[in-house]
Structure formats: C-alpha cells, structure tokens
Amino acid sequence: MMRVFVTGSADGLGRATAQTLLDNGHDVIVHARNTARLGAVNDLVDRGVAAVVGDLSDLEQTRGVAQKVNAIGPVDAVIHNAGVLHSRDIFQVNVAAPYLLTALINRPQRLVYLSSGMHRGGHADLSRLEGGTGKVTYSDSKLYLTALAAAVARLWPDVLSNAVDPGWVPTRMGGAGAPDDLRLGHLTQEWLATSDDPAALTSGGYWFHQHREKPHPAARDERLQNELLDRLADITGERLA
C-alpha cells in the first residue's frame with residue numbers, strides 16, 4: 001500500500017485518480033482549494049481519505065498545504081494534478097505551486113506532474129516572466145512544468161520524477177466533447193505513482209497513456225531548467241535541497 005497525495009482532487013482527473021487509488025487499497029490524501037469544495041470528496045473522506053485545504057494561487061496557503069501533508073505523515077508519492085486553463089493565476093497554480101510543494105513536502109519516492117500536449121506550443125524561454133507572470137499562457141506553464149519534472153529527475157536521482165500528458169479528456173476543464181478516454185486520462189499517473197512495473201520505476205519521462213514520448217526539446221535543456229529553478233526560487237523563497 002502506498003500513501004499518495006493528489007492535488008486538485010475535488011473534481012475531474014484529480015478526483016478520479018484519488019477514487020481509483022482508494023479503490024485499489026492505497027492510502028490517499030486529497031486536496032481542495034477551499035472548505036466549500038470539500039463537500040465534493042465527503043464520500044472519500046467517509047472511507048478514510050485525509051483531506052487538506054489551500055488555494056494554490058496563494059504562496060502562503062500553498063505552504064500551509066505542504067505543512068498539513070507533512071503533519072499527516074510521510075507520503076510515498078505526490079501527483080501534482082491541480083491546474084487552471086483560463087486564469088490570471090496560471091503560472092502560480094500550474095508552475096509555482098508544484099515547485100513549492102516539491103520543495104516543502106518531505107521528499108517522497110515518486111513525483112508525477114500533470115503536463116499537457118499543449119506544452120509543445122509554449123515559449124522555450126523565460127522572457128514572459130520578466131516584469132511579472134501575467135503574460136504566461138497555459139502552454140507556457142505546461143512547458144515550464146515539464147521542464148521542472150525533468151530537472152527534479154536530474155537533481156534528485158533517488159526520486160522517480162515524471163511528467164504525464166493525460167490527453168484531452170471530458171472533464172470540466174476539457175469539456176464534455178473532449179475526444180480522449182477519461183479512464184486513460186488518469187491511468188498513467190496512478191501507475192507511475194504506485195506500480196512496481198519496471199517501466200513505471202523509471203525517471204525523467206514524459207508519458208502519454210503509459211507510453212514514453214518526446215517532449216518539447218526545451219524541457220530537457222539543462223540551461224532552461226536551471227534558469228527556471230532560479231526564477232522559482234526567487235518567486236517562492238525556497239530552493240530545492
């Protein structure tokens with residue numbers, strides 16, 4: 001049995017991931033943006049799931065989420081599922097929060113970061129961070145997140161760190177007409193977080209439906225990774241140990 005923390009798990013892929021992990025006998029920690037959204041996971045809490053609350057667009061609340069997770073006890077895996085598509089907080093939620101949680105949560109065995117095929121349309125430099133983060137697009141954020149996952153894999157060889165493209169699936173974010181399979185949309189992150197399959201016990205991958213794919217080349221550019229880590233350290237006040 002693994003203990004897995006899933007961010008953004010009040011609905012969509014995060015909720016489906018948490019429920020499947022629970023059904024498979026794992027110990028799960030769910031996360032909601034605020035107390036009002038906790039009602040969406042009451043059934044999971046009634047089955048023994050732990051829940052933490054915090055708005056990932058706010059650095060101090062994100063710190064609080066990390067503290068609450070650490071107080072529950074060591075986690076074996078973190079699935080960084082939370083994300084926003086249309087928001088002024090795209091960079092904060094999609095990039096800064098996963099980075100800060102990675103820096104502050106007691107180091108797990110496995111880390112899974114939810115990317116997107118749209119990362120291939122992101123800007124392969126960090127110029128959009130100059131003068132604030134308001135110019136960062138969703139595609140930019142997912143490119144940066146994919147680079148973060150690769151950087152963690154390189155810097156922390158004792159941790160399995162991977163990025164996942166869940167596909168365009170019919171969730172609130174994806175829309176009811178999304179063409180991809182919802183089950184396949186959360187299978188890969190569950191597998192990477194818990195499986196003893198030799199393929200799942202690898203690091204530094206970019207995955208789509210349990211198959212490795214090549215990400216945007218910039219995601220594997222160590223200079224970009226290092227510059228991103230420096231920017232994130234300046235923004236959050238925390239450096240990866």
# chains A, B, ... in the order shown; residues from 1 in each chain; ligands from 1
call {"tool": "residues_around", "arguments": {"residues": "Gln92 of chain A", "least_positions_apart": "2", "cutoff": "9 Å", "atoms": "only C-alpha atoms", "output": "PyMOL selection string"}}
result
chain A and resi 56-59+88-90+94-98+133
call {"tool": "closest_atom_pairs", "arguments": {"of": "segment 61-161 of chain A", "to": "segment 15-24 of chain A", "cutoff": "12 Å", "atoms": "only C-alpha atoms", "output": "tab-separated table"}}
result
residue	atom	partner	partner_atom	distance
A:Ala77	CA	A:Leu21	CA	11.6
A:Val78	CA	A:Ala18	CA	11.3
A:Ile79	CA	A:Thr17	CA	9.1
A:His80	CA	A:Thr17	CA	11.2
A:Asn81	CA	A:Thr17	CA	9.2
A:Ala82	CA	A:Arg15	CA	10.4
A:Leu114	CA	A:Thr17	CA	11.9
call {"tool": "atom_distance", "arguments": {"atom1": "atom CA of Ala150 of chain A", "atom2": "atom CA of Tyr206 of chain A"}}
result
8.6 Å
call {"tool": "select_by_dssp", "arguments": {"residues": "segment 51-123 of chain A", "states": "strand (DSSP E)", "output": "number ranges by chain"}}
result
A: 51-53, 77-80, 110-114
call {"tool": "closest_residue", "arguments": {"among": "A:Leu85, A:Ala50, A:Leu104, A:Val45", "to": "Arg63 of chain A", "atoms": "only C-alpha atoms"}}
result
A:Leu104
